[in-house]
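Next comes input_26.txt, with compact mmCIF, C-alpha atoms.
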```txt
# COMPACT_ATOMS: atom_id res chain seq x y z
CA MET A 142 -25.66 43.80 -54.55
CA VAL A 143 -24.29 40.28 -55.17
CA TYR A 144 -23.05 40.10 -51.57
CA PHE A 145 -26.47 41.19 -50.27
CA PHE A 146 -28.32 38.38 -52.07
CA THR A 147 -25.71 35.82 -51.01
CA PHE A 148 -26.23 36.91 -47.39
CA LEU A 149 -30.01 36.55 -47.72
CA PHE A 150 -29.64 33.04 -49.22
CA LEU A 151 -27.41 31.80 -46.39
CA ALA A 152 -29.69 33.35 -43.78
CA ALA A 153 -32.65 31.50 -45.29
CA ILE A 154 -30.83 28.15 -45.04
CA VAL A 155 -29.92 28.75 -41.39
CA ALA A 156 -33.52 29.67 -40.58
CA PHE A 157 -34.83 26.54 -42.30
CA LEU A 158 -32.45 24.25 -40.40
CA TRP A 159 -33.37 25.92 -37.08
CA TYR A 160 -37.06 25.38 -37.84
CA ARG A 161 -36.62 21.65 -38.64
CA THR A 162 -34.52 21.09 -35.51
CA SER A 163 -37.04 22.78 -33.25
CA LYS A 164 -39.82 20.50 -34.57
CA THR A 165 -37.87 17.24 -33.98
CA PRO A 166 -38.64 15.84 -30.51
CA VAL A 167 -35.63 14.79 -28.44
CA LEU A 168 -36.18 11.59 -26.45
CA PRO A 169 -34.85 11.40 -22.93
CA GLU A 170 -31.85 9.08 -22.73
CA SER A 171 -33.88 6.63 -20.64
CA ASP A 172 -36.45 6.28 -23.44
CA ILE A 173 -33.96 5.38 -26.21
CA PRO A 174 -34.60 1.68 -27.13
CA VAL A 175 -31.57 -0.64 -26.63
CA ILE A 176 -31.39 -3.55 -29.11
CA GLU A 177 -29.60 -6.47 -27.47
CA PRO A 178 -27.51 -8.61 -29.86
CA ASP A 179 -28.74 -12.18 -30.23
CA LYS A 180 -26.78 -14.34 -27.77
CA GLY A 181 -26.81 -17.39 -30.05
CA VAL A 182 -25.33 -15.38 -32.93
CA LEU A 183 -22.53 -14.05 -30.72
CA GLU A 184 -21.68 -17.54 -29.47
CA GLN A 185 -21.75 -18.91 -33.01
CA GLU A 186 -19.37 -16.20 -34.23
CA ALA A 187 -17.00 -16.70 -31.30
CA LEU A 188 -16.99 -20.48 -31.81
CA LEU A 189 -16.39 -20.17 -35.54
CA SER A 190 -13.53 -17.75 -34.90
CA LEU A 191 -11.83 -20.25 -32.57
CA TYR A 192 -12.26 -23.02 -35.16
CA LEU A 193 -10.85 -20.94 -38.03
CA GLU A 194 -7.89 -19.84 -35.89
CA GLY A 195 -7.09 -23.48 -35.14
CA GLN A 196 -7.74 -23.14 -31.40
CA ILE A 197 -9.45 -26.51 -31.27
CA GLY A 198 -9.09 -27.19 -27.53
CA ASP A 199 -10.37 -23.74 -26.61
CA GLY A 200 -13.17 -24.13 -29.13
CA ILE A 201 -14.30 -27.42 -27.59
CA SER A 202 -14.19 -25.92 -24.10
CA TYR A 203 -16.26 -22.96 -25.31
CA PHE A 204 -18.77 -25.22 -27.05
CA GLU A 205 -19.18 -27.54 -24.07
CA GLY A 206 -19.65 -24.46 -21.85
CA ILE A 207 -22.79 -23.50 -23.79
CA GLU A 208 -25.91 -24.85 -22.12
CA PRO A 209 -27.46 -27.64 -24.24
CA GLU A 210 -30.76 -25.74 -24.51
CA ASP A 211 -28.87 -22.72 -25.91
CA ARG A 212 -27.08 -24.66 -28.66
CA THR A 213 -28.50 -23.91 -32.07
CA SER A 214 -28.10 -26.23 -35.05
CA LYS A 215 -25.39 -23.97 -36.47
CA ILE A 216 -23.49 -24.00 -33.18
CA CYS A 217 -23.70 -27.82 -33.05
CA ARG A 218 -22.40 -28.11 -36.61
CA ILE A 219 -19.32 -26.07 -35.66
CA GLY A 220 -18.97 -28.25 -32.56
CA PHE A 221 -19.06 -31.31 -34.82
CA HIS A 222 -16.07 -30.08 -36.85
CA LEU A 223 -14.18 -29.20 -33.66
CA TYR A 224 -14.65 -32.77 -32.40
CA ILE A 225 -13.55 -34.17 -35.78
CA LYS A 226 -10.38 -32.05 -35.65
CA ALA A 227 -9.70 -33.33 -32.14
CA LYS A 228 -10.41 -36.94 -33.27
CA LEU A 229 -13.25 -37.20 -30.75
CA TYR A 230 -15.34 -39.14 -33.24
CA GLN A 231 -17.94 -40.59 -30.88
CA LYS A 232 -18.75 -37.11 -29.54
CA ALA A 233 -19.03 -35.87 -33.13
CA TYR A 234 -21.42 -38.70 -33.94
CA ASP A 235 -23.52 -37.95 -30.83
CA LEU A 236 -23.95 -34.40 -32.15
CA GLN A 237 -25.17 -35.78 -35.47
CA LEU A 238 -27.75 -37.86 -33.60
CA TRP A 239 -28.87 -34.73 -31.76
CA LEU A 240 -29.32 -32.84 -35.03
CA LYS A 241 -31.28 -35.74 -36.47
CA ALA A 242 -33.57 -35.73 -33.44
CA GLN A 243 -34.27 -32.02 -33.96
CA GLY A 244 -35.66 -32.75 -37.42
CA GLU A 245 -33.15 -30.36 -39.02
CA TYR A 246 -31.08 -32.97 -40.84
CA THR A 247 -29.85 -31.81 -44.25
CA VAL A 248 -27.85 -33.48 -47.02
CA TYR A 249 -24.84 -31.63 -45.61
CA ASP A 250 -25.45 -33.33 -42.25
CA ARG A 251 -25.77 -36.72 -43.93
CA PHE A 252 -22.39 -36.22 -45.55
CA ASN A 253 -20.88 -35.34 -42.16
CA GLU A 254 -22.46 -38.51 -40.76
CA THR A 255 -20.75 -40.52 -43.52
CA VAL A 256 -17.39 -39.03 -42.56
CA VAL A 257 -17.71 -39.69 -38.83
CA LEU A 258 -18.96 -43.26 -39.41
CA ALA A 259 -15.89 -43.85 -41.59
CA HIS A 260 -13.69 -42.58 -38.75
CA LEU A 261 -15.46 -44.99 -36.40
CA ASN A 262 -14.83 -47.88 -38.86
CA ARG A 263 -18.58 -48.36 -39.31
CA ARG A 264 -18.33 -48.49 -43.08
CA ASP A 265 -21.53 -50.43 -43.75
CA GLU A 266 -23.50 -47.71 -42.01
CA ALA A 267 -21.51 -45.05 -43.89
CA ASN A 268 -22.44 -46.70 -47.19
CA ALA A 269 -26.09 -46.79 -46.13
CA VAL A 270 -25.98 -43.03 -45.48
CA LEU A 271 -24.40 -42.51 -48.91
CA ASP A 272 -27.34 -44.45 -50.37
CA GLN A 273 -29.65 -41.94 -48.72
CA ILE A 274 -27.60 -39.00 -50.02
CA GLU A 275 -27.91 -40.40 -53.54
CA LYS A 276 -31.70 -40.68 -53.13
CA ASP A 277 -31.84 -37.12 -51.80
CA ILE A 278 -29.94 -35.86 -54.85
CA GLU A 279 -32.09 -37.85 -57.27
CA ARG A 280 -35.21 -36.42 -55.66
CA LYS A 281 -33.83 -32.89 -55.47
CA PRO A 282 -30.79 -32.36 -57.79
CA GLN A 283 -29.92 -28.98 -56.24
CA ASN A 284 -28.90 -30.90 -53.11
CA PHE A 285 -25.81 -31.97 -55.05
CA ASN A 286 -24.39 -28.45 -54.72
CA ILE A 287 -24.54 -28.73 -50.92
CA VAL A 288 -21.98 -31.53 -50.73
CA LYS A 289 -20.02 -30.76 -53.91
CA GLY A 290 -16.44 -29.75 -53.17
CA LYS A 291 -16.06 -31.46 -49.78
CA TRP A 292 -14.90 -34.89 -50.99
CA ASP A 293 -11.22 -34.15 -51.64
CA GLU A 294 -10.91 -32.25 -48.38
CA ILE A 295 -12.24 -35.04 -46.20
CA LEU A 296 -12.64 -38.49 -47.76
CA LEU A 297 -9.30 -38.33 -49.57
CA ARG A 298 -7.55 -37.06 -46.45
CA ILE A 299 -8.86 -39.90 -44.28
CA LYS A 300 -8.06 -42.48 -46.99
CA GLU A 301 -11.63 -43.73 -47.37
CA TYR A 302 -11.11 -44.67 -50.99
CA ASP A 303 -14.17 -46.91 -51.39
CA LEU A 304 -16.45 -44.18 -50.07
CA LEU A 305 -14.60 -41.63 -52.18
CA CYS A 306 -15.21 -43.70 -55.34
CA ARG A 307 -18.90 -43.95 -54.49
CA PHE A 308 -19.10 -40.22 -53.88
CA LEU A 309 -17.29 -39.38 -57.10
CA ASP A 310 -19.69 -41.66 -58.97
CA LEU A 311 -22.28 -38.98 -58.17
CA PHE A 312 -20.05 -36.39 -59.85
CA VAL A 313 -19.79 -38.56 -62.95
CA LYS A 314 -23.54 -39.09 -62.99
CA HIS A 315 -24.22 -35.37 -62.73
CA GLY A 316 -21.57 -34.47 -65.32
CA THR A 317 -19.61 -32.14 -63.05
CA MET A 318 -16.16 -33.75 -63.18
CA ASP A 319 -13.27 -31.42 -64.01
CA ALA A 320 -9.63 -32.40 -64.63
CA HIS A 321 -8.71 -32.40 -60.93
CA ALA A 322 -11.74 -34.48 -60.01
CA PHE A 323 -10.83 -37.12 -62.62
CA ALA A 324 -7.28 -37.24 -61.23
CA VAL A 325 -8.61 -37.81 -57.71
CA TYR A 326 -11.04 -40.39 -59.10
CA GLY A 327 -8.15 -42.19 -60.82
CA TYR A 328 -6.18 -42.26 -57.57
CA ALA A 329 -9.13 -43.58 -55.55
CA LEU A 330 -9.86 -46.25 -58.17
CA MET A 331 -6.20 -47.27 -58.16
CA LYS A 332 -6.19 -47.58 -54.34
CA THR A 333 -9.27 -49.81 -54.56
CA LYS A 334 -7.52 -51.97 -57.21
CA ARG A 335 -9.88 -51.01 -60.03
CA TYR A 336 -6.92 -50.46 -62.31
CA GLU A 337 -8.56 -50.38 -65.73
CA GLU A 338 -11.10 -47.82 -64.55
CA ALA A 339 -8.27 -45.86 -62.93
CA ALA A 340 -6.38 -45.75 -66.23
CA ARG A 341 -9.46 -44.37 -68.00
CA ALA A 342 -9.98 -41.75 -65.29
CA TYR A 343 -6.37 -40.58 -65.55
CA ASP A 344 -6.62 -40.46 -69.35
CA GLN A 345 -9.68 -38.23 -68.98
CA ALA A 346 -7.85 -36.00 -66.48
CA VAL A 347 -4.98 -35.51 -68.94
CA LEU A 348 -7.44 -34.88 -71.78
CA LEU A 349 -9.04 -32.10 -69.72
CA GLY A 350 -5.65 -30.50 -69.10
CA TYR A 351 -4.55 -31.92 -65.74
CA LYS A 352 -0.87 -31.02 -65.19
CA GLY A 353 -0.15 -32.67 -61.82
CA LYS A 354 3.10 -34.64 -61.73
CA ASP A 355 1.40 -37.46 -59.79
CA VAL A 356 -0.47 -38.63 -62.87
CA LYS A 357 2.67 -39.92 -64.61
CA ALA A 358 3.91 -42.05 -61.72
CA ASN A 359 0.44 -43.36 -60.94
CA ARG A 360 -0.17 -44.39 -64.55
CA ILE A 361 3.12 -46.34 -64.40
CA TYR A 362 1.94 -48.17 -61.27
CA ILE A 363 -1.41 -48.91 -62.92
CA LEU A 364 0.39 -50.52 -65.88
CA ILE A 365 2.43 -52.63 -63.44
CA HIS A 366 -0.70 -53.86 -61.67
CA LEU A 367 -2.19 -54.69 -65.06
CA LYS A 368 1.02 -56.72 -65.65
CA GLN A 369 2.00 -54.56 -68.60
CA TYR A 370 5.57 -54.39 -67.33
CA GLN A 371 7.38 -53.41 -70.51
CA GLU A 372 4.92 -50.59 -71.18
CA ALA A 373 5.46 -49.38 -67.60
CA ILE A 374 9.26 -49.42 -67.97
CA LYS A 375 9.04 -47.61 -71.29
CA MET A 376 6.74 -44.94 -69.85
CA ALA A 377 9.02 -44.50 -66.83
CA GLU A 378 12.11 -44.08 -69.02
CA GLU A 379 10.34 -41.50 -71.21
CA CYS A 380 9.14 -39.57 -68.16
CA ILE A 381 12.60 -39.65 -66.52
CA GLN A 382 14.15 -38.30 -69.73
CA GLU A 383 11.54 -35.56 -69.81
CA ASP A 384 11.84 -34.65 -66.11
CA GLY A 385 14.05 -36.69 -63.79
CA ARG A 386 13.19 -34.69 -60.68
CA ASP A 387 10.45 -37.08 -59.53
CA LYS A 388 11.70 -40.01 -57.44
CA TRP A 389 8.45 -41.91 -58.01
CA LEU A 390 9.31 -42.36 -61.68
CA PHE A 391 12.49 -44.21 -60.68
CA MET A 392 10.61 -46.20 -58.07
CA GLY A 393 7.95 -47.13 -60.61
CA LYS A 394 10.56 -48.38 -63.06
CA ALA A 395 12.30 -50.38 -60.31
CA TYR A 396 8.96 -51.82 -59.17
CA ALA A 397 8.23 -53.01 -62.72
CA TYR A 398 11.52 -54.93 -62.69
CA SER A 399 11.03 -56.38 -59.20
CA LYS A 400 7.49 -57.58 -60.00
CA GLN A 401 9.09 -59.73 -62.71
CA GLY A 402 11.73 -61.03 -60.29
CA PHE A 403 14.52 -58.91 -61.81
CA TYR A 404 15.86 -57.62 -58.50
CA SER A 405 19.36 -56.79 -59.76
CA GLU A 406 17.87 -54.53 -62.44
CA ALA A 407 15.54 -52.97 -59.86
CA LEU A 408 18.48 -52.34 -57.53
CA GLU A 409 20.41 -50.64 -60.33
CA VAL A 410 17.53 -48.21 -60.94
CA ILE A 411 17.29 -47.41 -57.23
CA GLU A 412 21.05 -46.79 -57.07
CA GLN A 413 20.69 -44.31 -59.95
CA ALA A 414 17.88 -42.55 -58.08
CA LEU A 415 19.92 -42.35 -54.86
CA VAL A 416 22.59 -40.39 -56.73
CA ARG A 417 19.94 -37.70 -57.26
CA PHE A 418 18.07 -38.15 -53.97
CA PRO A 419 20.64 -39.39 -51.42
CA LYS A 420 18.53 -38.53 -48.37
CA ASP A 421 15.26 -40.11 -49.43
CA ALA A 422 13.99 -42.72 -46.96
CA ASP A 423 11.70 -44.42 -49.50
CA LEU A 424 14.59 -45.05 -51.88
CA TRP A 425 16.76 -46.49 -49.10
CA ASN A 426 13.87 -48.75 -48.13
CA ASN A 427 13.53 -49.93 -51.72
CA LYS A 428 17.25 -50.59 -51.88
CA GLY A 429 16.98 -52.66 -48.70
CA TYR A 430 14.03 -54.59 -50.11
CA ASP A 431 15.84 -55.43 -53.36
CA LEU A 432 18.91 -56.57 -51.41
CA LEU A 433 16.62 -58.65 -49.20
CA CYS A 434 15.14 -60.32 -52.28
CA LEU A 435 18.67 -60.99 -53.52
CA GLU A 436 19.40 -62.66 -50.15
CA ARG A 437 22.10 -60.08 -49.38
CA TYR A 438 20.78 -59.73 -45.86
CA LYS A 439 23.64 -57.85 -44.16
CA GLU A 440 23.66 -55.21 -46.89
CA ALA A 441 19.87 -55.02 -46.66
CA VAL A 442 20.06 -54.26 -42.93
CA ILE A 443 22.58 -51.45 -43.57
CA ALA A 444 20.33 -49.86 -46.22
CA LEU A 445 17.25 -50.20 -44.01
CA ASP A 446 19.12 -48.70 -41.05
CA GLU A 447 19.65 -45.62 -43.21
CA ALA A 448 15.98 -45.52 -44.23
CA ILE A 449 14.95 -45.60 -40.56
CA ARG A 450 17.55 -43.00 -39.61
CA LEU A 451 16.11 -40.65 -42.24
CA ASP A 452 12.48 -41.26 -41.27
CA ALA A 453 11.58 -43.45 -38.31
CA GLY A 454 7.87 -42.92 -38.89
CA LYS A 455 7.58 -45.19 -41.91
CA PRO A 456 6.46 -48.80 -41.28
CA PHE A 457 7.99 -50.60 -44.28
CA PRO A 458 11.70 -50.17 -43.41
CA PHE A 459 11.07 -51.73 -39.98
CA ASN A 460 9.14 -54.61 -41.53
CA ASN A 461 11.80 -55.28 -44.17
CA ARG A 462 14.65 -54.97 -41.67
CA GLY A 463 12.79 -57.36 -39.40
CA LEU A 464 12.69 -60.01 -42.10
CA ALA A 465 16.36 -59.44 -42.99
CA LYS A 466 17.36 -59.92 -39.35
CA ILE A 467 15.21 -63.04 -39.06
CA ARG A 468 16.94 -64.46 -42.15
CA LEU A 469 20.28 -63.68 -40.46
CA GLY A 470 19.18 -65.68 -37.41
CA LEU A 471 18.53 -62.62 -35.24
CA LEU A 472 14.98 -63.82 -34.57
CA GLU A 473 14.01 -61.70 -31.57
CA GLU A 474 15.51 -58.50 -32.99
CA GLY A 475 13.67 -59.15 -36.22
CA LEU A 476 10.37 -59.77 -34.45
CA SER A 477 10.80 -56.52 -32.51
CA ASP A 478 11.16 -54.61 -35.79
CA ILE A 479 8.04 -56.27 -37.17
CA ASP A 480 6.12 -55.32 -34.01
CA THR A 481 7.23 -51.71 -34.48
CA SER A 482 6.05 -51.81 -38.10
CA GLU A 483 2.64 -53.08 -37.01
CA THR A 484 2.35 -50.26 -34.46
CA LEU A 485 2.99 -47.74 -37.24
CA ASP A 486 0.58 -49.43 -39.67
CA PRO A 487 -1.67 -52.23 -38.36
CA SER A 488 -3.19 -52.73 -41.83
CA ASN A 489 0.09 -53.79 -43.49
CA PRO A 490 -0.32 -57.42 -44.74
CA TYR A 491 3.46 -57.93 -44.88
CA VAL A 492 3.53 -57.77 -41.08
CA TYR A 493 1.68 -61.09 -40.99
CA ALA A 494 3.78 -62.67 -43.74
CA HIS A 495 7.10 -61.69 -42.15
CA ARG A 496 5.96 -62.63 -38.64
CA GLY A 497 4.96 -65.98 -40.13
CA VAL A 498 8.58 -66.51 -41.22
CA TYR A 499 9.67 -65.98 -37.59
CA TYR A 500 7.31 -68.71 -36.36
CA LEU A 501 8.25 -70.98 -39.27
CA LEU A 502 11.92 -70.80 -38.27
CA LYS A 503 10.92 -71.37 -34.63
CA GLY A 504 9.24 -74.60 -35.72
CA ASP A 505 5.65 -73.46 -35.04
CA LYS A 506 4.17 -74.31 -38.42
CA ALA A 507 0.53 -73.96 -37.35
CA THR A 508 0.99 -70.35 -36.23
CA ALA A 509 3.14 -69.60 -39.28
CA LYS A 510 0.51 -70.97 -41.65
CA ALA A 511 -2.27 -68.96 -39.99
CA LEU A 512 -0.21 -65.78 -40.34
CA PHE A 513 0.65 -66.51 -43.99
CA LEU A 514 -3.02 -67.09 -44.79
CA LYS A 515 -3.96 -63.86 -42.99
CA GLY A 516 -1.41 -61.91 -45.03
CA LYS A 517 -2.55 -63.50 -48.27
CA SER A 518 -6.19 -62.65 -47.52
CA MET A 519 -5.16 -59.01 -47.29
CA ASP A 520 -2.85 -58.97 -50.32
CA ASN A 521 -2.56 -61.90 -52.71
CA ASP A 522 0.57 -60.41 -54.31
CA ILE A 523 2.92 -60.87 -51.33
CA ARG A 524 6.19 -62.24 -52.66
CA ASP A 525 6.52 -66.03 -52.31
CA ILE A 526 3.39 -66.26 -50.15
CA ASP A 527 2.17 -69.51 -51.73
CA LYS A 528 5.63 -71.03 -51.33
CA LEU A 529 5.67 -70.00 -47.65
CA ILE A 530 2.25 -71.52 -47.06
CA GLN A 531 3.48 -74.75 -48.60
CA GLN A 532 6.52 -74.78 -46.31
CA ALA A 533 4.21 -74.40 -43.29
CA GLN A 534 2.15 -77.50 -44.18
```

Can the structure in the file be given as structure tokens, please?
Amino acid sequence: MVYFFTFLFLAAIVAFLWYRTSKTPVLPESDIPVIEPDKGVLEQEALLSLYLEGQIGDGISYFEGIEPEDRTSKICRIGFHLYIKAKLYQKAYDLQLWLKAQGEYTVYDRFNETVVLAHLNRRDEANAVLDQIEKDIERKPQNFNIVKGKWDEILLRIKEYDLLCRFLDLFVKHGTMDAHAFAVYGYALMKTKRYEEAARAYDQAVLLGYKGKDVKANRIYILIHLKQYQEAIKMAEECIQEDGRDKWLFMGKAYAYSKQGFYSEALEVIEQALVRFPKDADLWNNKGYDLLCLERYKEAVIALDEAIRLDAGKPFPFNNRGLAKIRLGLLEEGLSDIDTSETLDPSNPYVYAHRGVYYLLKGDKATAKALFLKGKSMDNDIRDIDKLIQQAQ
């Protein structure tokens, strides 16, 4: 009996399914609607994929192959970042102008405009855009979340410290600074020579639990720039005792001595550091600089040769070796080194000061004086710069 009822139940289900299927119309294959994917979305996804995979050249070729009338705002924003990666800053800026003309300009786009203007060395215009960003945020505070989090990725990387300070001021104003943000703020303030503010920012970073090893060395350098040399030396010694694996602690201590004119003491600290870090180009450069200041020019050249051998991409060893050679009477060799240093870093004020020594020894006091004054205008702390200017009178 149980089997009979089970059979009837299954038969009823089969009959019901047959009935439903027979009532459902089957469309001919030609009548089935085909939904075409949106072309712009496909291009956007393909472009983004190339960008994320680091295929910048292919990405630019793909972007430029899209007809201008088919480029959406989102596609153009990806194109902007491709151009930035490729250092094609004028093309990136032209895209920003296009977006602005479309009337689709957001706070995010204004921030990108600030970045590309900074790359183009149009800093006054970049600051004007930041003024507008600040007004946008004051008018609509939720706009802050659009740009929040991009500053350390971009402005810090391109070394736009003044703009970075201005941008972080917005963080302070909106009360959204965490420990890392205060550490970045301290670094940017230090690079813009706002040392007392930098010290306060680093103190706040430590208070909030920042553990980065950079904070110790940077606080030492801040004390040096505030001319609190003994405090800097004491802090360096304490930090070295606690953890002597950071070369910058040794370099900070040596710098505190050299800023007071105690070059023998500075050299001793650098020698101690080289025992621990024998293949560090920065330490060999510092050794060469201290020997240069002690007028031990031949030894300075040997140390600076080693610094350049270890890392030929750093400008300071070339600049220091150039001056050492000039002091040894090897004027043209020295000038060649200074030229190389300028190629590596055109913004280095010591290039002008050391080149001025070359012209001073050549008897061209007018050119020497102009170079000394140029160097001093860029950095008033160049060693003996006032004395050199006096010699060029």

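Closest approach to Lys232 (chain A) among A:Ile201, A:Ala259, A:Ala320, A:Ile365 is made by A:Ile201 (distances from only C-alpha atoms).
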
Do you know which residues are at most 7 Å from Ala395 (chain A) counting all atoms listed in the file, after dropping those on the same chain fewer than 5 positions away, and could you put them as a list of chain:residue names? A:Ala407, A:Val410, A:Ile411

So which one's closest to Ile479 (chain A), A:Gln382, A:Asn461, A:Thr255, A:Ser518? Using all atoms listed in the file, please.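 Nearest to Ile479 (chain A): A:Asn461.
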
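For the atom pair formed by CA of Leu305 (chain A) and CA of Lys394 (chain A), the distance is 28.2 Å, given to one decimal.
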
Nearest candidate to Leu258 (chain A) (options A:Glu440, A:Asp235, A:Glu409, A:Asp525; using only C-alpha atoms):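 The closest residue to Leu258 (chain A) is A:Asp235.
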
Nearest residue to Gly463 (chain A) out of A:Lys281, A:Arg450, A:Arg496, A:Lys375, using all atoms listed in the file?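 Comparing A:Lys281, A:Arg450, A:Arg496, A:Lys375 against Gly463 (chain A), the winner is A:Arg496.
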
Neighbouring residues of region 421-434 of chain A were defined as those with any atom within 7 Å, considering all atoms listed in the file; residues of the same chain fewer than 2 positions away were excluded. Please report them as a VMD selection string. chain A and resid 404 407 to 408 411 415 418 to 419 436 to 438 440 to 442 444 to 445 447 to 448 451 to 452 458 461 465

Resulting file, chosen residues, C-alpha atoms, as a PDB file, keeping the file's coordinate frame:
```
ATOM      1  CA  TYR A 404      15.860 -57.620 -58.500  1.00  0.00           C
ATOM      2  CA  ALA A 407      15.540 -52.970 -59.860  1.00  0.00           C
ATOM      3  CA  LEU A 408      18.480 -52.340 -57.530  1.00  0.00           C
ATOM      4  CA  ILE A 411      17.290 -47.410 -57.230  1.00  0.00           C
ATOM      5  CA  LEU A 415      19.920 -42.350 -54.860  1.00  0.00           C
ATOM      6  CA  PHE A 418      18.070 -38.150 -53.970  1.00  0.00           C
ATOM      7  CA  PRO A 419      20.640 -39.390 -51.420  1.00  0.00           C
ATOM      8  CA  GLU A 436      19.400 -62.660 -50.150  1.00  0.00           C
ATOM      9  CA  ARG A 437      22.100 -60.080 -49.380  1.00  0.00           C
ATOM     10  CA  TYR A 438      20.780 -59.730 -45.860  1.00  0.00           C
ATOM     11  CA  GLU A 440      23.660 -55.210 -46.890  1.00  0.00           C
ATOM     12  CA  ALA A 441      19.870 -55.020 -46.660  1.00  0.00           C
ATOM     13  CA  VAL A 442      20.060 -54.260 -42.930  1.00  0.00           C
ATOM     14  CA  ALA A 444      20.330 -49.860 -46.220  1.00  0.00           C
ATOM     15  CA  LEU A 445      17.250 -50.200 -44.010  1.00  0.00           C
ATOM     16  CA  GLU A 447      19.650 -45.620 -43.210  1.00  0.00           C
ATOM     17  CA  ALA A 448      15.980 -45.520 -44.230  1.00  0.00           C
ATOM     18  CA  LEU A 451      16.110 -40.650 -42.240  1.00  0.00           C
ATOM     19  CA  ASP A 452      12.480 -41.260 -41.270  1.00  0.00           C
ATOM     20  CA  PRO A 458      11.700 -50.170 -43.410  1.00  0.00           C
ATOM     21  CA  ASN A 461      11.800 -55.280 -44.170  1.00  0.00           C
ATOM     22  CA  ALA A 465      16.360 -59.440 -42.990  1.00  0.00           C
TER      23      ALA A 465
END
```
